[in-house]
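Coordinates as given in start-v4.txt (compact mmCIF, C-alpha atoms):
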# COMPACT_ATOMS: atom_id res chain seq x y z
CA MET A 1 84.99 -4.74 79.63
CA PHE A 2 81.65 -6.29 80.48
CA LEU A 3 78.45 -5.55 78.58
CA TYR A 4 75.17 -6.06 80.34
CA TRP A 5 72.03 -6.59 78.31
CA GLN A 6 68.71 -6.24 80.08
CA LYS A 7 65.53 -7.51 78.48
CA LYS A 8 62.93 -4.81 77.96
CA SER A 9 59.73 -5.04 79.90
CA ASN A 10 56.44 -5.40 78.08
CA SER A 11 55.40 -1.87 79.06
CA GLU A 12 58.67 -0.51 77.63
CA ARG A 13 58.17 -2.45 74.40
CA ILE A 14 54.58 -1.19 74.06
CA GLU A 15 55.67 2.41 74.68
CA GLU A 16 58.37 2.04 71.99
CA ASP A 17 55.71 0.74 69.57
CA LEU A 18 53.56 3.78 70.25
CA THR A 19 56.52 6.15 69.91
CA ARG A 20 57.42 4.70 66.50
CA ALA A 21 53.79 4.91 65.39
CA ARG A 22 53.58 8.58 66.42
CA ALA A 23 56.80 9.33 64.55
CA ALA A 24 55.49 7.62 61.40
CA ILE A 25 52.27 9.66 61.56
CA LEU A 26 54.16 12.94 61.97
CA LYS A 27 56.44 12.01 59.07
CA ALA A 28 53.46 11.24 56.80
CA VAL A 29 51.92 14.62 57.63
CA HIS A 30 55.20 16.43 57.02
CA LEU A 31 55.93 14.69 53.69
CA GLN A 32 52.23 14.54 52.73
CA ASN A 33 52.56 10.89 51.81
CA PHE A 34 49.91 8.17 51.71
CA THR A 35 50.70 4.57 52.65
CA SER A 36 49.56 3.35 49.21
CA GLU A 37 48.95 4.87 45.82
CA LYS A 38 47.43 1.71 44.30
CA GLU A 39 44.10 2.28 42.58
CA ASP A 40 42.52 -0.86 44.04
CA ILE A 41 43.28 0.15 47.63
CA PHE A 42 41.13 2.72 49.39
CA VAL A 43 43.04 5.87 50.33
CA PRO A 44 41.30 8.44 52.58
CA ARG A 45 41.68 11.57 50.46
CA GLY A 46 39.74 14.80 50.44
CA SER A 47 38.18 17.43 52.65
CA ILE A 48 35.92 15.01 54.56
CA TYR A 49 39.00 14.30 56.70
CA ARG A 50 40.58 16.73 59.13
CA ASN A 51 44.00 15.44 58.08
CA ALA A 52 43.91 12.67 55.48
CA TYR A 53 47.66 11.96 55.69
CA ALA A 54 47.59 11.53 59.47
CA PHE A 55 44.48 9.34 59.34
CA ASP A 56 45.85 7.11 56.58
CA GLN A 57 49.16 6.51 58.37
CA SER A 58 47.50 6.14 61.77
CA HIS A 59 45.11 3.52 60.41
CA ALA A 60 48.04 1.66 58.82
CA GLU A 61 49.92 1.68 62.13
CA MET A 62 46.81 0.34 63.87
CA ILE A 63 46.54 -2.54 61.39
CA LYS A 64 50.20 -3.46 61.89
CA LYS A 65 50.57 -3.09 65.63
CA LEU A 66 47.38 -2.77 67.70
CA LYS A 67 46.68 -5.62 70.10
CA MET A 68 43.69 -5.76 72.42
CA TRP A 69 43.13 -8.08 75.36
CA THR A 70 39.52 -8.97 76.07
CA TYR A 71 38.98 -9.91 79.69
CA ARG A 72 37.58 -13.42 80.02
CA GLU A 73 36.06 -12.96 83.46
CA GLY A 74 32.30 -13.01 83.86
CA GLU A 75 29.52 -15.26 82.65
CA LEU A 76 26.65 -15.07 80.22
CA PRO A 77 24.23 -13.40 79.85
CA LEU A 78 25.56 -10.29 81.63
CA VAL A 79 29.08 -10.46 80.14
CA HIS A 80 30.42 -11.52 76.72
CA ASN A 81 27.00 -10.84 75.27
CA GLY A 82 25.05 -8.03 73.65
CA PRO A 83 22.31 -7.26 71.10
CA LEU A 84 23.20 -8.17 67.52
CA ASN A 85 20.14 -6.50 66.01
CA ASP A 86 17.93 -3.45 66.46
CA ILE A 87 18.97 0.06 67.44
CA HIS A 88 21.82 -0.82 69.85
CA ALA A 89 23.23 -3.67 67.77
CA ILE A 90 26.65 -2.03 67.51
CA GLU A 91 27.31 -3.02 71.14
CA GLY A 92 26.81 -6.74 70.57
CA GLN A 93 28.44 -6.73 67.14
CA PHE A 94 31.58 -5.07 68.52
CA ILE A 95 31.81 -7.50 71.44
CA ASP A 96 31.31 -10.48 69.12
CA GLU A 97 33.98 -9.22 66.71
CA MET A 98 36.53 -8.56 69.45
CA GLU A 99 36.01 -12.04 70.95
CA SER A 100 36.25 -13.78 67.58
CA LYS A 101 39.23 -16.13 67.23
CA ASN A 102 39.81 -14.61 63.78
CA ASN A 103 40.10 -11.07 65.12
CA PRO A 104 43.58 -9.89 64.00
CA PHE A 105 43.74 -7.39 66.88
CA ARG A 106 43.27 -10.09 69.49
CA ALA A 107 46.20 -10.29 71.91
CA ARG A 108 47.48 -13.76 72.81
CA ARG A 109 48.44 -12.61 76.30
CA PRO A 110 47.38 -9.58 78.33
CA ASP A 111 50.97 -8.37 78.73
CA GLU A 112 51.30 -7.78 74.97
CA ALA A 113 48.14 -5.65 74.73
CA HIS A 114 47.98 -1.94 74.02
CA VAL A 115 44.29 -1.76 74.97
CA PHE A 116 42.07 -3.77 77.33
CA PHE A 117 38.42 -4.47 76.56
CA LEU A 118 35.66 -4.85 79.15
CA PRO A 119 33.27 -7.16 77.27
CA PHE A 120 29.85 -6.21 78.56
CA SER A 121 26.90 -4.52 76.93
CA VAL A 122 24.98 -1.98 78.99
CA THR A 123 21.94 -2.67 76.80
CA GLY A 124 22.20 -6.35 77.72
CA MET A 125 22.63 -5.57 81.40
CA ILE A 126 19.55 -3.36 81.40
CA HIS A 127 17.55 -6.12 79.72
CA TYR A 128 18.38 -8.63 82.44
CA VAL A 129 18.84 -6.43 85.51
CA TYR A 130 15.99 -3.94 85.16
CA LYS A 131 13.22 -6.33 84.23
CA PRO A 132 10.68 -6.56 85.63
CA ILE A 133 10.44 -2.98 86.92
CA THR A 134 7.44 -2.46 89.18
CA SER A 135 8.03 1.20 90.11
CA VAL A 136 9.90 4.26 88.87
CA LYS A 137 12.14 4.17 91.96
CA GLU A 138 13.50 0.78 90.89
CA TYR A 139 14.78 2.25 87.63
CA SER A 140 17.92 3.72 89.19
CA GLY A 141 21.38 4.02 87.68
CA ASP A 142 22.89 2.81 90.95
CA ARG A 143 22.15 -0.81 90.10
CA LEU A 144 23.93 -0.58 86.76
CA GLN A 145 26.88 1.33 88.22
CA ARG A 146 27.36 -1.32 90.90
CA LEU A 147 27.54 -4.05 88.27
CA VAL A 148 30.11 -2.15 86.25
CA MET A 149 32.21 -1.33 89.32
CA ASP A 150 32.04 -4.94 90.56
CA TYR A 151 33.44 -6.14 87.21
CA ILE A 152 36.18 -3.50 87.22
CA ASN A 153 37.11 -4.38 90.80
CA THR A 154 37.35 -8.04 89.79
CA VAL A 155 39.79 -7.47 86.93
CA ALA A 156 41.67 -4.75 88.85
CA THR A 157 42.27 -7.21 91.71
CA LYS A 158 43.33 -10.07 89.43
CA TYR A 159 45.47 -8.09 86.96
CA PRO A 160 47.79 -5.06 87.29
CA TYR A 161 46.60 -3.30 84.13
CA TRP A 162 43.65 -1.24 85.39
CA ASN A 163 45.53 0.16 88.37
CA ARG A 164 48.64 0.78 86.25
CA SER A 165 46.80 3.34 84.08
CA ASN A 166 43.74 3.99 86.27
CA GLY A 167 41.67 2.59 83.39
CA ALA A 168 43.03 5.02 80.77
CA ASP A 169 43.89 2.20 78.36
CA HIS A 170 40.61 0.31 78.93
CA LEU A 171 37.63 0.28 76.60
CA MET A 172 33.96 -0.58 76.78
CA VAL A 173 31.04 0.09 74.43
CA SER A 174 27.87 1.62 75.75
CA TYR A 175 25.10 3.96 74.71
CA VAL A 176 24.69 5.41 78.21
CA THR A 177 27.89 5.25 80.24
CA ILE A 178 31.71 5.31 80.02
CA GLY A 179 34.03 4.11 77.26
CA VAL A 180 32.80 4.34 73.69
CA LEU A 181 29.41 6.01 73.88
CA CYS A 182 26.37 6.52 71.69
CA LYS A 183 25.14 9.08 74.20
CA ALA A 184 27.77 11.68 73.23
CA ASN A 185 26.13 14.62 74.98
CA THR A 186 28.66 17.14 76.27
CA SER A 187 26.03 18.60 78.62
CA GLU A 188 25.69 15.22 80.39
CA GLY A 189 29.30 14.33 81.09
CA PHE A 190 30.63 13.23 77.70
CA ARG A 191 34.37 13.99 77.51
CA PRO A 192 35.52 14.44 73.88
CA LYS A 193 39.23 14.01 74.73
CA ILE A 194 38.64 10.73 76.57
CA ASP A 195 35.36 9.20 75.37
CA VAL A 196 34.55 8.21 71.80
CA SER A 197 31.21 8.90 70.13
CA LEU A 198 29.76 5.67 68.77
CA PRO A 199 27.33 5.83 65.83
CA GLU A 200 23.92 4.24 66.33
CA ILE A 201 23.23 1.77 63.53
CA TYR A 202 19.84 0.12 63.25
CA LEU A 203 20.28 -3.49 62.10
CA PRO A 204 17.24 -5.55 61.12
CA PHE A 205 17.33 -9.20 62.16
CA GLY A 206 19.88 -11.18 60.17
CA LYS A 207 21.34 -8.19 58.32
CA LEU A 208 24.51 -6.14 58.64
CA GLY A 209 23.60 -3.28 56.34
CA PRO A 210 22.91 -1.04 54.73
CA PRO A 211 20.27 -0.51 57.40
CA ASN A 212 16.59 -0.92 56.79
CA LEU A 213 15.25 2.63 56.77
CA SER A 214 11.76 1.79 57.97
CA GLN A 215 11.75 3.09 61.54
CA GLY A 216 9.08 5.55 62.50
CA PRO A 217 9.87 8.90 64.12
CA ASN A 218 10.81 9.26 67.75
CA LYS A 219 8.34 11.32 69.80
CA ARG A 220 10.72 13.43 71.75
CA LEU A 221 10.66 17.21 72.33
CA ILE A 222 12.64 17.87 69.14
CA TRP A 223 10.04 15.97 67.13
CA LYS A 224 7.27 18.00 68.74
CA ILE A 225 9.00 21.24 67.72
CA LEU A 226 9.55 19.92 64.19
CA LEU A 227 5.92 18.89 63.88
CA ASP A 228 4.69 22.21 65.20
CA TYR A 229 6.54 24.11 62.49
CA TRP A 230 6.77 21.71 59.57
CA LYS A 231 4.09 19.02 59.77
CA ASP A 232 2.83 18.03 56.30
CA LYS A 233 4.61 20.89 54.53
CA ARG A 234 5.72 20.17 50.98
CA GLU A 235 9.35 21.36 50.83
CA VAL A 236 10.28 20.31 54.38
CA GLN A 237 8.46 17.04 54.98
CA VAL A 238 7.93 16.11 58.62
CA HIS A 239 5.22 13.56 59.37
CA ALA A 240 3.83 12.24 62.64
CA ARG A 241 3.89 8.72 61.17
CA ILE A 242 5.03 6.87 58.08
CA PHE A 243 2.09 6.04 55.81
CA LYS A 244 1.70 2.46 54.59
CA ASP A 245 1.88 3.44 50.93
CA VAL A 246 5.12 5.43 51.40
CA ASN A 247 8.51 3.70 51.10
CA TYR A 248 10.66 5.42 53.72
CA THR A 249 13.90 4.15 52.13
CA GLN A 250 13.03 5.40 48.66
CA MET A 251 11.81 8.72 50.02
CA MET A 252 15.15 9.32 51.71
CA GLY A 253 17.02 8.24 48.59
CA ARG A 254 15.09 10.78 46.49
CA SER A 255 15.67 13.61 48.95
CA LYS A 256 18.50 16.13 48.75
CA PHE A 257 18.58 16.68 52.52
CA CYS A 258 17.40 14.38 55.32
CA LEU A 259 16.46 15.73 58.74
CA CYS A 260 18.29 13.92 61.54
CA PRO A 261 16.91 15.10 64.88
CA SER A 262 18.10 13.59 68.14
CA GLY A 263 15.99 10.77 69.56
CA PHE A 264 15.39 9.94 73.23
CA GLU A 265 19.12 10.52 73.62
CA VAL A 266 21.29 13.04 71.79
CA ALA A 267 22.43 10.37 69.31
CA SER A 268 20.14 8.62 66.86
CA PRO A 269 20.50 6.19 63.94
CA ARG A 270 19.24 8.80 61.47
CA GLU A 271 22.68 10.16 60.54
CA VAL A 272 23.78 6.70 59.39
CA GLU A 273 20.42 6.10 57.67
CA ALA A 274 20.81 9.33 55.71
CA ILE A 275 24.41 8.58 54.73
CA CYS A 276 23.49 5.07 53.58
CA ALA A 277 20.64 6.54 51.52
CA GLY A 278 23.00 8.99 49.82
CA CYS A 279 21.21 11.92 51.43
CA VAL A 280 22.97 14.91 53.01
CA PRO A 281 22.27 14.72 56.78
CA VAL A 282 20.74 17.76 58.45
CA ILE A 283 21.69 17.19 62.08
CA ILE A 284 19.31 18.88 64.51
CA SER A 285 20.78 18.73 67.99
CA ASP A 286 22.53 20.63 70.75
CA ASN A 287 25.69 19.45 72.53
CA TYR A 288 26.23 16.43 70.25
CA THR A 289 29.79 15.27 69.64
CA LEU A 290 29.43 13.53 66.28
CA PRO A 291 30.97 10.07 65.69
CA PHE A 292 34.64 10.00 64.67
CA SER A 293 34.80 13.80 64.67
CA ASP A 294 38.51 13.65 65.53
CA VAL A 295 39.01 12.25 62.01
CA LEU A 296 35.94 13.27 60.01
CA ASN A 297 35.08 16.87 59.17
CA TRP A 298 31.30 16.66 59.38
CA SER A 299 30.83 20.21 58.12
CA ARG A 300 31.94 19.02 54.66
CA PHE A 301 29.16 16.47 54.21
CA SER A 302 26.37 17.50 56.61
CA ILE A 303 24.40 20.52 57.78
CA GLN A 304 24.20 21.17 61.52
CA ILE A 305 21.27 23.13 62.95
CA LEU A 306 20.67 24.07 66.58
CA LEU A 307 17.21 23.56 68.08
CA VAL A 308 16.52 27.30 68.20
CA LYS A 309 16.97 27.40 64.41
CA ILE A 310 14.25 24.81 63.66
CA PRO A 311 11.81 27.50 62.36
CA GLU A 312 14.52 28.54 59.87
CA ILE A 313 15.22 25.11 58.39
CA LYS A 314 13.65 25.88 55.01
CA THR A 315 15.48 29.20 54.67
CA ILE A 316 18.82 27.67 55.70
CA LEU A 317 18.54 24.82 53.18
CA GLN A 318 17.28 27.04 50.36
CA ARG A 319 20.33 29.26 50.74
CA ILE A 320 22.68 26.38 49.96
CA PRO A 321 23.78 26.69 46.30
CA ASN A 322 23.22 23.63 44.13
CA SER A 323 26.95 23.49 43.37
CA LYS A 324 27.68 23.16 47.10
CA TYR A 325 24.98 20.53 47.53
CA LEU A 326 26.44 18.42 44.69
CA LYS A 327 29.87 18.47 46.34
CA MET A 328 28.36 17.48 49.68
CA HIS A 329 26.43 14.67 48.04
CA LYS A 330 29.64 13.22 46.57
CA ARG A 331 31.29 13.43 49.99
CA VAL A 332 28.35 11.60 51.60
CA LYS A 333 28.87 8.71 49.20
CA ARG A 334 32.58 8.70 49.98
CA VAL A 335 32.19 8.75 53.76
CA ARG A 336 29.66 5.91 53.76
CA ARG A 337 32.31 3.17 54.06
CA HIS A 338 33.20 4.47 57.54
CA PHE A 339 29.69 3.69 58.80
CA GLU A 340 29.30 0.26 57.22
CA LEU A 341 29.42 -2.82 59.44
CA ASN A 342 31.28 -5.86 58.12
CA ARG A 343 31.82 -9.23 59.75
CA PRO A 344 34.67 -9.87 59.80
CA ALA A 345 35.66 -6.22 60.01
CA LYS A 346 37.34 -4.56 57.02
CA PRO A 347 39.79 -1.64 56.80
CA PHE A 348 38.16 1.74 57.39
CA ASP A 349 34.71 0.31 58.26
CA VAL A 350 32.82 1.22 61.44
CA ILE A 351 34.57 -1.40 63.62
CA HIS A 352 37.98 -0.13 62.50
CA MET A 353 36.86 3.46 63.06
CA VAL A 354 35.89 2.65 66.66
CA LEU A 355 39.24 0.93 67.27
CA HIS A 356 41.10 3.82 65.65
Could you render the structure from this file as structure tokens?
Amino acid sequence: MFLYWQKKSNSERIEEDLTRARAAILKAVHLQNFTSEKEDIFVPRGSIYRNAYAFDQSHAEMIKKLKMWTYREGELPLVHNGPLNDIHAIEGQFIDEMESKNNPFRARRPDEAHVFFLPFSVTGMIHYVYKPITSVKEYSGDRLQRLVMDYINTVATKYPYWNRSNGADHLMVSYVTIGVLCKANTSEGFRPKIDVSLPEIYLPFGKLGPPNLSQGPNKRLIWKILLDYWKDKREVQVHARIFKDVNYTQMMGRSKFCLCPSGFEVASPREVEAICAGCVPVIISDNYTLPFSDVLNWSRFSIQILLVKIPEIKTILQRIPNSKYLKMHKRVKRVRRHFELNRPAKPFDVIHMVLH
């Protein structure tokens, strides 16, 4: 009798890894077990999670097994570069973390990777490609799309991985286009089952967080509606500008509820600002897929109001019993760790949530 042993291919090994991870997650849900019961280790318990057992086990499987290959093609400043501060800092911070030699998710070779990362920042591309703009016609998405497609064509020609999955296991971070998006507007092409909603986090120069809550309001249509109904009212405070003698951070920290209207895009940094201030977010937006909503149950720690309900904000908030508010406030403090940026990244922080 002859026994033949055939070495498994890398794709077979990766699929077996994923199969075992899925089985472990299903087992944790069935047995209602957490990976750790130690008091000094964070365990994601409570109603802020859609399924705490699944999330805990899934995160543990990610820590143990996930490997990501970052493509090395391309040159600065268009590739391997992004903003590390200001409103779109999450793009540059994520790229920098993924390319760090100390990144535990970094694959040594592309054939051992579960996920492939396209290391460019759309914010960075816009900064270099669209300036100077001399006319409105020059500000066209075609230029940006060509750059992205040229990069994809380069790696698709050199490696088999893009064509193997048609890009399904590839990742990029962006506030306007494909991959992991800040612009999570379902009315403008956002696909909740494929794309991931990325939180906007405003980072002052040289800081990781909590964010400086000193940004003035955004003058979009939603702000105009808010000002029309609520400007300078006492219970619902909406101001056209922040006065010099008012500390925006302290004002949010003293408030029970913080209004979080969309900015120029459907996403804004105000949800994270409110959470970091310990204030229950009141999210005013239509068609917004909230960050990490596959894991987090936003209805347990935020209030969501459609634009047509703006005139009813005061009535809606006044109807919330104090006992319910106190529970939501505790949940806001608990969910904060998932929106904190650490370098290097830490378990359950915003970088890990994006990877998860």
So how far away is CA of Asn85 (chain A) from CA of Tyr202 (chain A), in Å?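 CA of Tyr202 (chain A) sits 7.2 Å away from CA of Asn85 (chain A).
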Of the candidates A:Lys314, A:Lys158, A:Lys346, A:His127, which shows the shortest atom-to-atom distance to His59 (chain A), using only C-alpha atoms?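 Closest candidate: A:Lys346.
Picture a line from CA of Met98 (chain A) to CA of Lys65 (chain A); it runs 15.5 Å.
Considering only C-alpha atoms, the residue among A:Ile303, A:Leu341, A:Asp56, A:Pro281 positioned nearest to Ser268 (chain A) is A:Pro281.
Picture a line from CA of Cys276 (chain A) to CA of Ser323 (chain A); it runs 21.3 Å.
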Between A:Ala21, A:Cys279, A:Met172, A:Val332, which has the minimum distance to Ile152 (chain A) (counting all atoms listed in the file)?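 Checking each candidate against Ile152 (chain A), we get A:Met172 as the closest.
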